[in-house]
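Undergrad: If it helps, the file is called run27.cif and holds mmCIF, C-alpha atoms and all ligand atoms:
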```
data_data
#
loop_
_atom_site.label_atom_id
_atom_site.label_comp_id
_atom_site.auth_asym_id
_atom_site.auth_seq_id
_atom_site.Cartn_x
_atom_site.Cartn_y
_atom_site.Cartn_z
CA MET A 6 -93.92 -84.76 -25.65
CA ILE A 7 -94.73 -82.62 -22.61
CA ILE A 8 -94.53 -84.94 -19.61
CA GLU A 9 -96.37 -84.36 -16.35
CA PRO A 10 -96.54 -86.42 -13.19
CA ARG A 11 -99.52 -88.74 -12.93
CA THR A 12 -99.90 -90.41 -9.54
CA ARG A 13 -101.88 -93.44 -8.46
CA GLY A 14 -101.66 -94.05 -4.70
CA PHE A 15 -98.00 -94.20 -3.75
CA ILE A 16 -96.74 -94.60 -7.32
CA CYS A 17 -96.21 -92.20 -10.15
CA THR A 18 -97.08 -93.76 -13.50
CA THR A 19 -95.07 -91.31 -15.62
CA ALA A 20 -91.40 -90.36 -15.50
CA HIS A 21 -89.40 -87.50 -16.96
CA PRO A 22 -86.24 -88.44 -18.91
CA VAL A 23 -84.54 -85.07 -18.43
CA GLY A 24 -85.36 -84.90 -14.72
CA CYS A 25 -84.11 -88.46 -14.19
CA ALA A 26 -80.91 -87.63 -16.09
CA GLU A 27 -80.39 -84.54 -13.88
CA ASN A 28 -80.75 -86.66 -10.75
CA VAL A 29 -78.19 -89.16 -12.02
CA LYS A 30 -75.76 -86.39 -13.04
CA ASN A 31 -76.09 -84.82 -9.59
CA GLN A 32 -75.23 -88.16 -7.97
CA ILE A 33 -72.26 -88.59 -10.30
CA ALA A 34 -71.08 -85.05 -9.50
CA TYR A 35 -71.24 -85.84 -5.78
CA ILE A 36 -69.08 -88.95 -6.19
CA LYS A 37 -66.61 -87.15 -8.48
CA SER A 38 -66.30 -84.33 -5.93
CA LYS A 39 -65.02 -86.92 -3.43
CA GLY A 40 -62.15 -88.04 -5.72
CA THR A 41 -61.07 -91.52 -6.81
CA VAL A 42 -60.81 -94.03 -3.99
CA VAL A 43 -60.04 -97.68 -3.35
CA GLY A 44 -63.08 -99.64 -4.39
CA PRO A 45 -64.36 -102.40 -6.64
CA LYS A 46 -63.18 -102.87 -10.23
CA LYS A 47 -65.70 -105.21 -11.86
CA VAL A 48 -69.18 -105.08 -10.43
CA LEU A 49 -72.59 -106.67 -10.92
CA VAL A 50 -75.48 -104.70 -9.42
CA ILE A 51 -78.79 -106.56 -9.16
CA GLY A 52 -81.51 -103.91 -8.78
CA ALA A 53 -79.30 -101.23 -10.38
CA SER A 54 -81.80 -98.72 -11.75
CA THR A 55 -83.15 -96.80 -8.73
CA GLY A 56 -82.56 -96.20 -5.01
CA PHE A 57 -79.60 -97.82 -3.25
CA GLY A 58 -78.72 -100.07 -6.21
CA LEU A 59 -78.35 -97.11 -8.60
CA ALA A 60 -76.27 -95.25 -6.00
CA SER A 61 -74.06 -98.36 -5.64
CA ARG A 62 -73.55 -98.52 -9.40
CA ILE A 63 -72.68 -94.81 -9.59
CA THR A 64 -70.31 -95.05 -6.60
CA SER A 65 -68.52 -98.06 -8.15
CA ALA A 66 -68.19 -96.50 -11.60
CA PHE A 67 -67.33 -92.92 -10.70
CA GLY A 68 -65.62 -93.57 -7.35
CA SER A 69 -63.17 -96.29 -8.42
CA ASN A 70 -63.59 -96.48 -12.22
CA ALA A 71 -65.31 -99.86 -12.07
CA ALA A 72 -66.83 -101.68 -15.02
CA THR A 73 -70.48 -102.32 -14.15
CA ILE A 74 -73.25 -104.60 -15.32
CA GLY A 75 -76.69 -103.57 -14.04
CA VAL A 76 -79.72 -105.85 -13.85
CA PHE A 77 -83.19 -104.41 -13.25
CA PHE A 78 -86.85 -104.72 -14.20
CA GLU A 79 -88.09 -101.51 -15.80
CA LYS A 80 -90.76 -100.56 -18.29
CA PRO A 81 -89.30 -99.42 -21.63
CA PRO A 82 -90.89 -96.41 -23.35
CA ALA A 83 -93.42 -96.53 -26.19
CA VAL A 84 -94.45 -93.68 -28.46
CA GLY A 85 -96.53 -91.31 -26.33
CA LYS A 86 -95.89 -93.36 -23.16
CA THR A 87 -93.01 -92.76 -20.81
CA ALA A 88 -90.69 -95.47 -19.55
CA SER A 89 -90.39 -96.07 -15.80
CA SER A 90 -87.85 -93.86 -14.04
CA GLY A 91 -85.24 -96.62 -13.65
CA TRP A 92 -85.09 -96.89 -17.43
CA TYR A 93 -84.27 -93.19 -17.84
CA ASN A 94 -81.86 -93.28 -14.88
CA THR A 95 -79.96 -96.09 -16.56
CA ALA A 96 -79.95 -94.33 -19.94
CA ALA A 97 -78.30 -91.33 -18.25
CA PHE A 98 -75.91 -93.45 -16.19
CA GLU A 99 -74.65 -95.40 -19.21
CA THR A 100 -74.28 -92.24 -21.30
CA GLU A 101 -72.16 -90.58 -18.61
CA ALA A 102 -70.13 -93.77 -17.97
CA HIS A 103 -69.39 -94.24 -21.68
CA LYS A 104 -68.24 -90.60 -21.95
CA LYS A 105 -65.61 -91.52 -19.37
CA ASN A 106 -64.75 -94.74 -21.27
CA LEU A 107 -66.12 -96.85 -18.45
CA TYR A 108 -67.61 -100.22 -19.34
CA ALA A 109 -71.36 -100.22 -18.54
CA LYS A 110 -73.97 -102.62 -19.87
CA SER A 111 -77.45 -103.39 -18.61
CA ILE A 112 -79.93 -106.25 -18.62
CA ASN A 113 -83.66 -105.56 -18.25
CA GLY A 114 -85.71 -108.52 -17.02
CA ASP A 115 -86.81 -110.58 -14.04
CA ALA A 116 -83.74 -111.14 -11.84
CA PHE A 117 -85.57 -113.97 -10.03
CA SER A 118 -85.66 -116.04 -13.24
CA ASN A 119 -83.07 -118.60 -14.39
CA GLU A 120 -83.04 -116.98 -17.84
CA ILE A 121 -81.83 -113.58 -16.60
CA LYS A 122 -79.21 -115.25 -14.39
CA GLN A 123 -77.91 -117.20 -17.39
CA GLU A 124 -77.95 -114.12 -19.62
CA THR A 125 -75.96 -112.19 -17.01
CA ILE A 126 -73.48 -115.04 -16.61
CA ALA A 127 -72.92 -115.16 -20.39
CA LEU A 128 -72.32 -111.38 -20.48
CA ILE A 129 -69.84 -111.45 -17.60
CA LYS A 130 -67.98 -114.37 -19.21
CA GLN A 131 -67.82 -112.63 -22.55
CA ASP A 132 -66.87 -109.14 -21.35
CA LEU A 133 -65.42 -109.13 -17.85
CA GLY A 134 -64.07 -112.58 -17.00
CA GLN A 135 -64.31 -112.40 -13.21
CA ILE A 136 -66.06 -109.86 -11.00
CA ASP A 137 -65.03 -108.71 -7.52
CA LEU A 138 -68.31 -107.30 -6.16
CA VAL A 139 -72.00 -108.20 -6.42
CA ILE A 140 -74.53 -105.77 -4.94
CA TYR A 141 -77.92 -107.35 -4.30
CA SER A 142 -80.45 -104.49 -4.04
CA LEU A 143 -83.75 -105.90 -5.22
CA ALA A 144 -87.00 -104.58 -3.78
CA SER A 145 -90.01 -106.31 -5.25
CA PRO A 146 -93.56 -107.04 -4.14
CA VAL A 147 -93.64 -110.35 -6.07
CA ARG A 148 -91.40 -113.24 -7.08
CA THR A 149 -92.12 -116.01 -9.53
CA HIS A 150 -90.13 -118.93 -8.19
CA PRO A 151 -87.77 -120.36 -10.83
CA GLU A 152 -88.31 -123.99 -9.69
CA ASN A 153 -92.09 -124.32 -9.20
CA GLY A 154 -93.36 -121.34 -11.25
CA VAL A 155 -95.51 -120.12 -8.32
CA ARG A 156 -95.91 -116.32 -8.02
CA TYR A 157 -95.39 -115.33 -4.36
CA LYS A 158 -96.50 -111.96 -3.00
CA SER A 159 -94.80 -110.18 -0.13
CA THR A 160 -96.85 -108.28 2.46
CA LEU A 161 -96.18 -105.44 4.91
CA LYS A 162 -98.07 -106.65 7.96
CA PRO A 163 -97.47 -106.97 11.69
CA ILE A 164 -97.20 -110.43 13.23
CA GLY A 165 -99.37 -111.64 16.11
CA ASP A 166 -101.60 -108.64 16.87
CA SER A 167 -103.17 -106.00 14.72
CA TYR A 168 -101.29 -102.71 14.78
CA THR A 169 -102.75 -99.22 15.00
CA ASN A 170 -100.69 -96.08 14.55
CA LYS A 171 -100.54 -92.78 12.74
CA THR A 172 -99.67 -92.46 9.09
CA VAL A 173 -99.68 -89.65 6.55
CA ASP A 174 -101.06 -89.48 3.06
CA PHE A 175 -98.17 -87.44 1.73
CA HIS A 176 -100.15 -86.21 -1.29
CA THR A 177 -102.80 -84.52 0.86
CA GLY A 178 -100.87 -84.05 4.11
CA GLU A 179 -103.64 -85.77 6.07
CA VAL A 180 -102.43 -87.53 9.21
CA LYS A 181 -104.74 -90.32 10.29
CA GLU A 182 -104.79 -93.55 12.21
CA ILE A 183 -104.59 -96.83 10.39
CA THR A 184 -105.01 -100.35 11.64
CA ILE A 185 -103.21 -103.17 9.91
CA GLU A 186 -104.36 -106.72 10.52
CA PRO A 187 -101.66 -109.27 11.37
CA GLY A 188 -100.17 -111.46 8.66
CA THR A 189 -100.82 -115.19 8.54
CA GLU A 190 -98.11 -117.87 8.57
CA GLU A 191 -98.53 -117.98 4.81
CA ASP A 192 -97.97 -114.20 4.53
CA ILE A 193 -94.75 -114.60 6.51
CA GLU A 194 -93.52 -117.47 4.34
CA ASN A 195 -94.41 -115.67 1.12
CA THR A 196 -92.66 -112.46 2.21
CA VAL A 197 -89.54 -114.42 3.14
CA THR A 198 -89.67 -116.16 -0.26
CA VAL A 199 -89.81 -112.81 -2.08
CA MET A 200 -87.55 -110.57 0.03
CA GLY A 201 -85.43 -113.07 2.03
CA GLY A 202 -82.01 -114.45 1.10
CA ASP A 203 -82.95 -117.34 -1.20
CA ASP A 204 -82.54 -115.51 -4.51
CA TRP A 205 -79.31 -113.83 -3.35
CA GLN A 206 -77.89 -117.30 -2.67
CA LEU A 207 -79.07 -118.60 -6.06
CA TRP A 208 -77.27 -115.73 -7.80
CA ILE A 209 -73.99 -116.23 -5.94
CA ASN A 210 -74.07 -120.01 -6.38
CA ALA A 211 -74.70 -119.66 -10.11
CA LEU A 212 -71.87 -117.12 -10.51
CA MET A 213 -69.51 -119.26 -8.44
CA LYS A 214 -70.33 -122.42 -10.42
CA ALA A 215 -69.50 -120.53 -13.62
CA ASP A 216 -66.13 -119.51 -12.04
CA LEU A 217 -66.90 -115.81 -12.38
CA LEU A 218 -65.95 -114.68 -8.86
CA SER A 219 -62.43 -113.40 -8.21
CA GLU A 220 -60.23 -114.13 -5.18
CA ASN A 221 -61.34 -111.95 -2.19
CA PHE A 222 -64.73 -111.43 -3.84
CA LYS A 223 -67.38 -109.52 -1.87
CA THR A 224 -71.15 -109.49 -2.05
CA LEU A 225 -73.45 -107.10 -0.26
CA ALA A 226 -77.22 -106.97 0.33
CA TYR A 227 -79.22 -104.19 2.00
CA SER A 228 -81.36 -104.37 5.11
CA TYR A 229 -83.23 -102.06 7.49
CA ILE A 230 -83.89 -102.05 11.23
CA GLY A 231 -85.39 -98.69 12.27
CA PRO A 232 -86.80 -97.51 15.59
CA LYS A 233 -89.37 -98.90 18.05
CA LEU A 234 -91.99 -96.62 16.44
CA THR A 235 -92.08 -98.61 13.21
CA GLU A 236 -91.02 -101.96 14.64
CA ALA A 237 -94.46 -103.63 14.56
CA VAL A 238 -94.93 -102.99 10.86
CA TYR A 239 -91.29 -103.27 9.84
CA ARG A 240 -88.64 -105.15 11.76
CA LYS A 241 -91.03 -107.32 13.78
CA GLY A 242 -93.48 -107.63 10.88
CA THR A 243 -93.55 -109.88 7.84
CA ILE A 244 -90.86 -107.84 6.02
CA GLY A 245 -88.65 -108.05 9.13
CA ARG A 246 -88.77 -111.85 8.92
CA ALA A 247 -87.53 -111.58 5.35
CA LYS A 248 -84.69 -109.31 6.51
CA ASP A 249 -83.80 -111.81 9.28
CA ASP A 250 -83.55 -114.47 6.58
CA LEU A 251 -81.42 -112.22 4.33
CA GLU A 252 -79.07 -111.40 7.21
CA LYS A 253 -78.67 -115.10 8.10
CA MET A 254 -77.95 -115.90 4.47
CA ALA A 255 -74.81 -113.72 4.57
CA PHE A 256 -73.18 -116.36 6.80
CA THR A 257 -74.25 -119.27 4.58
CA ILE A 258 -72.92 -117.51 1.48
CA THR A 259 -69.65 -116.61 3.22
CA ASP A 260 -69.15 -120.31 4.07
CA ALA A 261 -69.71 -121.24 0.45
CA LEU A 262 -67.14 -118.64 -0.68
CA LYS A 263 -64.29 -119.80 1.54
CA ASP A 264 -62.18 -121.34 -1.27
CA ILE A 265 -61.81 -117.90 -2.86
CA ASN A 266 -61.65 -116.06 0.48
CA GLY A 267 -64.94 -114.39 -0.42
CA LYS A 268 -67.31 -112.65 2.01
CA ALA A 269 -71.01 -111.83 2.02
CA TYR A 270 -72.21 -108.84 4.02
CA VAL A 271 -75.47 -107.19 4.85
CA SER A 272 -75.45 -103.43 5.29
CA VAL A 273 -78.20 -101.86 7.37
CA ASN A 274 -79.05 -98.61 5.62
CA LYS A 275 -80.95 -95.47 6.59
CA ALA A 276 -84.66 -94.90 5.90
CA LEU A 277 -85.02 -92.98 2.66
CA VAL A 278 -87.72 -92.00 0.23
CA THR A 279 -87.64 -94.60 -2.55
CA GLN A 280 -90.36 -96.25 -4.59
CA SER A 281 -90.28 -99.17 -2.16
CA SER A 282 -90.39 -97.28 1.13
CA SER A 283 -93.30 -95.02 0.09
CA ALA A 284 -95.43 -98.16 -0.15
CA ILE A 285 -94.96 -99.06 3.54
CA PRO A 286 -97.67 -97.71 5.89
CA VAL A 287 -96.44 -95.47 8.77
CA ILE A 288 -92.96 -95.11 7.21
CA PRO A 289 -93.70 -91.88 5.25
CA LEU A 290 -94.72 -90.11 8.48
CA TYR A 291 -91.64 -91.44 10.24
CA ILE A 292 -89.41 -90.32 7.34
CA SER A 293 -90.88 -86.81 7.22
CA LEU A 294 -90.16 -86.34 10.95
CA LEU A 295 -86.76 -88.00 10.66
CA TYR A 296 -85.74 -85.74 7.76
CA LYS A 297 -86.71 -82.64 9.72
CA VAL A 298 -84.52 -83.70 12.66
CA MET A 299 -81.59 -84.99 10.59
CA LYS A 300 -81.54 -81.87 8.42
CA ALA A 301 -81.55 -79.64 11.51
CA GLU A 302 -78.66 -81.66 12.98
CA GLY A 303 -76.70 -81.57 9.70
CA LEU A 304 -76.89 -85.36 9.47
CA GLN A 305 -79.19 -85.83 6.49
CA GLU A 306 -78.02 -88.16 3.71
CA GLY A 307 -79.59 -89.45 0.49
CA CYS A 308 -78.85 -92.77 -1.23
CA ILE A 309 -75.62 -91.50 -2.80
CA GLU A 310 -74.19 -90.08 0.44
CA GLN A 311 -75.09 -93.31 2.26
CA ILE A 312 -73.44 -95.56 -0.32
CA HIS A 313 -70.37 -93.35 -0.61
CA ARG A 314 -69.90 -93.54 3.17
CA LEU A 315 -70.61 -97.29 3.09
CA PHE A 316 -67.89 -97.95 0.51
CA ASN A 317 -65.34 -95.53 1.94
CA GLU A 318 -65.79 -95.87 5.66
CA ARG A 319 -66.86 -99.52 5.86
CA LEU A 320 -66.63 -101.91 2.90
CA TYR A 321 -63.15 -101.08 1.64
CA LEU A 322 -61.42 -100.66 5.00
CA ASP A 323 -58.94 -103.34 6.05
CA GLY A 324 -61.05 -104.50 8.95
CA ILE A 325 -64.74 -103.99 8.15
CA PRO A 326 -66.56 -102.77 11.27
CA THR A 327 -69.77 -104.69 12.02
CA ASP A 328 -72.26 -104.97 14.88
CA LYS A 329 -72.42 -108.09 17.03
CA GLU A 330 -74.75 -109.75 14.54
CA GLY A 331 -72.09 -109.26 11.84
CA ARG A 332 -73.97 -106.51 10.01
CA ILE A 333 -72.42 -103.34 8.60
CA ARG A 334 -74.23 -100.33 10.09
CA ILE A 335 -74.59 -97.23 7.97
CA ASP A 336 -77.86 -96.34 9.70
CA ASP A 337 -75.75 -95.08 12.62
CA TRP A 338 -76.76 -91.43 12.20
CA GLU A 339 -80.47 -92.27 11.90
CA MET A 340 -80.26 -94.40 15.03
CA LYS A 341 -78.39 -91.83 17.19
CA ALA A 342 -80.23 -91.51 20.51
CA SER A 343 -80.48 -87.71 20.11
CA VAL A 344 -82.18 -88.10 16.72
CA GLN A 345 -84.56 -90.85 17.80
CA GLU A 346 -85.57 -89.03 21.00
CA GLN A 347 -86.59 -85.96 18.99
CA VAL A 348 -88.48 -88.04 16.41
CA ALA A 349 -90.39 -89.89 19.16
CA GLU A 350 -91.34 -86.57 20.74
CA LEU A 351 -92.51 -85.10 17.42
CA TRP A 352 -94.45 -88.27 16.68
CA GLN A 353 -96.70 -87.55 19.67
CA GLN A 354 -97.42 -84.05 18.35
CA ALA A 355 -97.99 -84.99 14.70
CA THR A 356 -101.42 -84.09 13.30
CA THR A 357 -102.63 -82.85 9.91
CA GLU A 358 -102.36 -79.31 11.29
CA THR A 359 -98.92 -79.57 12.93
CA LEU A 360 -97.06 -81.75 10.42
CA PRO A 361 -96.16 -79.03 7.87
CA GLU A 362 -94.44 -77.19 10.74
CA ILE A 363 -92.87 -79.99 12.79
CA GLY A 364 -92.09 -82.40 9.94
CA ASP A 365 -90.46 -82.18 6.55
CA LEU A 366 -93.50 -83.12 4.54
CA GLU A 367 -92.44 -80.81 1.75
CA GLY A 368 -89.03 -82.48 1.60
CA TYR A 369 -90.71 -85.88 1.51
CA THR A 370 -93.06 -84.93 -1.33
CA THR A 371 -90.33 -83.24 -3.34
CA GLU A 372 -88.09 -86.29 -3.00
CA PHE A 373 -90.98 -88.56 -3.99
CA PHE A 374 -91.51 -86.59 -7.22
CA ASN A 375 -87.75 -86.37 -7.79
CA LEU A 376 -87.69 -90.19 -7.94
CA PHE A 377 -89.64 -89.92 -11.17
CA GLY A 378 -87.69 -86.95 -12.53
CA PHE A 379 -90.23 -84.28 -11.49
CA LYS A 380 -89.79 -81.15 -9.37
CA VAL A 381 -86.10 -81.03 -10.27
CA ASP A 382 -85.00 -77.39 -10.00
CA THR A 383 -82.94 -77.23 -13.17
CA VAL A 384 -85.55 -78.74 -15.51
CA ASP A 385 -87.96 -76.74 -17.67
CA TYR A 386 -91.08 -78.92 -17.69
CA THR A 387 -92.82 -76.80 -20.32
CA LYS A 388 -90.30 -78.06 -22.90
CA GLU A 389 -90.81 -81.16 -25.04
CA ALA A 390 -88.89 -84.21 -23.77
CA ASN A 391 -88.01 -87.37 -25.68
CA GLU A 392 -90.00 -90.18 -24.07
CA MET A 393 -88.21 -92.66 -26.38
CA THR A 394 -84.82 -92.01 -24.72
CA ALA A 395 -82.84 -95.23 -25.16
CA ILE A 396 -80.37 -97.09 -22.95
CA PRO A 397 -77.19 -97.36 -25.06
CA SER A 398 -76.15 -100.92 -24.06
CA ILE A 399 -79.30 -102.71 -23.05
CA ALA A 400 -79.34 -106.47 -23.57
P1 LIG N 1 -86.01 -99.36 -5.18
O1 LIG N 1 -87.45 -99.66 -5.38
O2 LIG N 1 -85.53 -97.97 -5.39
O3 LIG N 1 -85.13 -100.30 -6.17
C1 LIG N 1 -85.44 -101.62 -6.45
C2 LIG N 1 -84.61 -102.14 -7.61
O4 LIG N 1 -84.98 -103.51 -7.83
C3 LIG N 1 -84.87 -101.43 -8.97
O5 LIG N 1 -83.67 -101.35 -9.69
C4 LIG N 1 -85.84 -102.40 -9.68
O6 LIG N 1 -85.80 -102.32 -11.11
C5 LIG N 1 -85.27 -103.72 -9.20
N1 LIG N 1 -86.21 -104.84 -9.30
C6 LIG N 1 -87.39 -105.02 -8.66
N2 LIG N 1 -87.92 -106.22 -9.01
C7 LIG N 1 -87.05 -106.80 -9.88
C8 LIG N 1 -87.03 -108.03 -10.58
N3 LIG N 1 -88.00 -108.93 -10.46
N4 LIG N 1 -85.98 -108.27 -11.40
C9 LIG N 1 -84.98 -107.37 -11.57
N5 LIG N 1 -84.94 -106.20 -10.90
C10 LIG N 1 -85.96 -105.92 -10.07
O7 LIG N 1 -85.64 -99.92 -3.76
P2 LIG N 1 -84.63 -99.48 -2.59
O8 LIG N 1 -85.38 -98.74 -1.57
O9 LIG N 1 -83.37 -98.94 -3.15
O10 LIG N 1 -84.35 -100.91 -1.95
C11 LIG N 1 -83.22 -101.71 -2.25
C12 LIG N 1 -82.86 -102.52 -1.01
O11 LIG N 1 -82.52 -101.62 0.05
C13 LIG N 1 -84.03 -103.38 -0.49
O12 LIG N 1 -83.51 -104.59 -0.01
C14 LIG N 1 -84.57 -102.54 0.66
O13 LIG N 1 -85.23 -103.30 1.63
C15 LIG N 1 -83.27 -101.98 1.20
N6 LIG N 1 -83.42 -100.80 2.08
C16 LIG N 1 -84.23 -99.74 1.73
C17 LIG N 1 -84.39 -98.68 2.61
C18 LIG N 1 -85.27 -97.51 2.27
O14 LIG N 1 -85.59 -96.73 3.17
N7 LIG N 1 -85.66 -97.31 1.04
C19 LIG N 1 -83.68 -98.63 3.91
C20 LIG N 1 -82.78 -99.74 4.11
C21 LIG N 1 -82.69 -100.79 3.24
#
```
If you took the structure in this file and wrote it as structure tokens, what would it be?
Ligand code: NAI

TA:
Amino acid sequence: MIIEPRTRGFICTTAHPVGCAENVKNQIAYIKSKGTVVGPKKVLVIGASTGFGLASRITSAFGSNAATIGVFFEKPPAVGKTASSGWYNTAAFETEAHKKNLYAKSINGDAFSNEIKQETIALIKQDLGQIDLVIYSLASPVRTHPENGVRYKSTLKPIGDSYTNKTVDFHTGEVKEITIEPGTEEDIENTVTVMGGDDWQLWINALMKADLLSENFKTLAYSYIGPKLTEAVYRKGTIGRAKDDLEKMAFTITDALKDINGKAYVSVNKALVTQSSSAIPVIPLYISLLYKVMKAEGLQEGCIEQIHRLFNERLYLDGIPTDKEGRIRIDDWEMKASVQEQVAELWQQATTETLPEIGDLEGYTTEFFNLFGFKVDTVDYTKEANEMTAIPSIA
């Protein structure tokens, strides 16, 4: 069928299999261009189909020839209806991995559930024995708790006072003020339940109990800090409380792993256009200014460049550099004083009229559509594409 983008708010409800495959191949080509390096050998990626999780899977497989199992929650295709982009990304990833004789299998389902954990455990036992790295890269607005069956919703709200600032509707380019009312105690608790460290711990405990973690095992989850500009809605908001909880959990998990000399880390990554970040108010305006500055300074990175640098210049060094809170920092270029000073200055000037000039709104929008396989240079969108594209080894 001919597939076109169809957007609803900050999501795109269609995806293009050929465009998604091109994106994945470009990421693989980037990693291959860097050569084989010391890295993981047998990896589980939870949240493996898009964004940082997909980049982590690609870096593991094509950077150090790792066998990978990917877990994610994506919509499969139906005749006349496209799958979600993570489905097509994974189809392309597995196809490329298998061409290189790399083990790659995937599980599509709710990673928060006991069933998917057990299914993953059975697959690791059967095919890999023990694994040496687990990447935890889930981003979800909801979590059904496996014990009490309650469906918790996360929120993106400030805490204490309402928050007013500029934001951009990146589809129209309109810059306007928005006010977000503060979250309640319940909003905070729910957001921590969905995006905090609890599920990460459940995964690692279940894998450890099944004796599937090798000596010197590592696990890594992703966090964000960001500048003062976005602090009220991000790091000091409800989602920030969840990130505090996730970061604390790294220490608890490390304690639990001491018999196998295992370690849990949190890496603080750079702000990037992904399906999750486009849903956060204020962040798209911040990102379009940030991209402009980072591109001008030659510092811009996407998910794949970030994760390649994370593996090669942090995670697989003998002594892993961390900040005083024990976190790995790969947001160092975003947080450079020279970058942040320029962004803060541009923020003051940003209006509907000035943004196309002073910000990288076009880059933002292009990257947003790229997430769904659209606006990819090398793809002819007038050609029929196979919406039924399958993932070779889906469980
Ligand atoms: P994303 O939306 O691109 O990817 C989320 C992944 O989680 C997908 O593979 C999706 O299928 C999977 N997923 C969601 N719900 C699931 C469920 N119930 N069961 C199984 N899989 C599920 O997100 P992104 O941006 O890559 O985020 C990953 C992590 O990185 C998050 O912890 C996020 O906070 C963090 N991060 C993101 C930054 C950004 O600017 N995008 C910056 C720094 C950290």

Undergrad: Residues within 12 Å of stretch 29-36 of chain A, please, as a PyMOL selection string. Count only C-alpha atoms; anything in the same chain fewer than 4 positions from it doesn't count.

TA: chain A and resi 22-25+40-42+54-57+59-70+90-102+105+306-314+316-317+375-378+381-383

Undergrad: Using only C-alpha atoms and all ligand atoms, find each residue with an atom at most 7 Å away from ligand LIG 1 (chain N) and format the answer as a PyMOL selection string.

TA: chain A and resi 51-59+76-79+91+114-117+142-145+148+226-229+273-282

Undergrad: Could you write out that same residue set with C-alpha atoms as an mmCIF file, in the frame of the given file?

TA:
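Output saved as result-v1.cif:
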```cif
data_model
loop_
_atom_site.group_PDB
_atom_site.id
_atom_site.type_symbol
_atom_site.label_atom_id
_atom_site.label_comp_id
_atom_site.auth_asym_id
_atom_site.auth_seq_id
_atom_site.Cartn_x
_atom_site.Cartn_y
_atom_site.Cartn_z
ATOM 1 C CA ILE A 51 -78.790 -106.560 -9.160
ATOM 2 C CA GLY A 52 -81.510 -103.910 -8.780
ATOM 3 C CA ALA A 53 -79.300 -101.230 -10.380
ATOM 4 C CA SER A 54 -81.800 -98.720 -11.750
ATOM 5 C CA THR A 55 -83.150 -96.800 -8.730
ATOM 6 C CA GLY A 56 -82.560 -96.200 -5.010
ATOM 7 C CA PHE A 57 -79.600 -97.820 -3.250
ATOM 8 C CA GLY A 58 -78.720 -100.070 -6.210
ATOM 9 C CA LEU A 59 -78.350 -97.110 -8.600
ATOM 10 C CA VAL A 76 -79.720 -105.850 -13.850
ATOM 11 C CA PHE A 77 -83.190 -104.410 -13.250
ATOM 12 C CA PHE A 78 -86.850 -104.720 -14.200
ATOM 13 C CA GLU A 79 -88.090 -101.510 -15.800
ATOM 14 C CA GLY A 91 -85.240 -96.620 -13.650
ATOM 15 C CA GLY A 114 -85.710 -108.520 -17.020
ATOM 16 C CA ASP A 115 -86.810 -110.580 -14.040
ATOM 17 C CA ALA A 116 -83.740 -111.140 -11.840
ATOM 18 C CA PHE A 117 -85.570 -113.970 -10.030
ATOM 19 C CA SER A 142 -80.450 -104.490 -4.040
ATOM 20 C CA LEU A 143 -83.750 -105.900 -5.220
ATOM 21 C CA ALA A 144 -87.000 -104.580 -3.780
ATOM 22 C CA SER A 145 -90.010 -106.310 -5.250
ATOM 23 C CA ARG A 148 -91.400 -113.240 -7.080
ATOM 24 C CA ALA A 226 -77.220 -106.970 0.330
ATOM 25 C CA TYR A 227 -79.220 -104.190 2.000
ATOM 26 C CA SER A 228 -81.360 -104.370 5.110
ATOM 27 C CA TYR A 229 -83.230 -102.060 7.490
ATOM 28 C CA VAL A 273 -78.200 -101.860 7.370
ATOM 29 C CA ASN A 274 -79.050 -98.610 5.620
ATOM 30 C CA LYS A 275 -80.950 -95.470 6.590
ATOM 31 C CA ALA A 276 -84.660 -94.900 5.900
ATOM 32 C CA LEU A 277 -85.020 -92.980 2.660
ATOM 33 C CA VAL A 278 -87.720 -92.000 0.230
ATOM 34 C CA THR A 279 -87.640 -94.600 -2.550
ATOM 35 C CA GLN A 280 -90.360 -96.250 -4.590
ATOM 36 C CA SER A 281 -90.280 -99.170 -2.160
ATOM 37 C CA SER A 282 -90.390 -97.280 1.130
#
```

Undergrad: Return as a Markdown table the residues of stretch 210-252 of chain A lying at most 9 Å from stretch 334-341 of chain A, together with the closest atom-to-atom pair for each and the distance in Å to one decimal, counting only C-alpha atoms, with rows in chain order and ascending residue number.

TA:
```
| residue | atom | partner | partner_atom | distance |
| --- | --- | --- | --- | --- |
| A:Tyr229 | CA | A:Asp336 | CA | 8.2 |
| A:Ile230 | CA | A:Asp336 | CA | 8.4 |
| A:Gly231 | CA | A:Met340 | CA | 7.2 |
| A:Pro232 | CA | A:Met340 | CA | 7.3 |
```

Undergrad: For A:Ile112, which residue out of A:Val50, A:Leu304, A:Val147, A:Ala261 is the nearest one, using only C-alpha atoms?

TA: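 Closest to A:Ile112, using only C-alpha atoms: A:Val50.
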
Undergrad: Expressed in Å to a single decimal, how great is the separation between atom CA of A:Thr224 and atom CA of A:Glu330?

TA: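 Those two atoms sit 17.0 Å apart.
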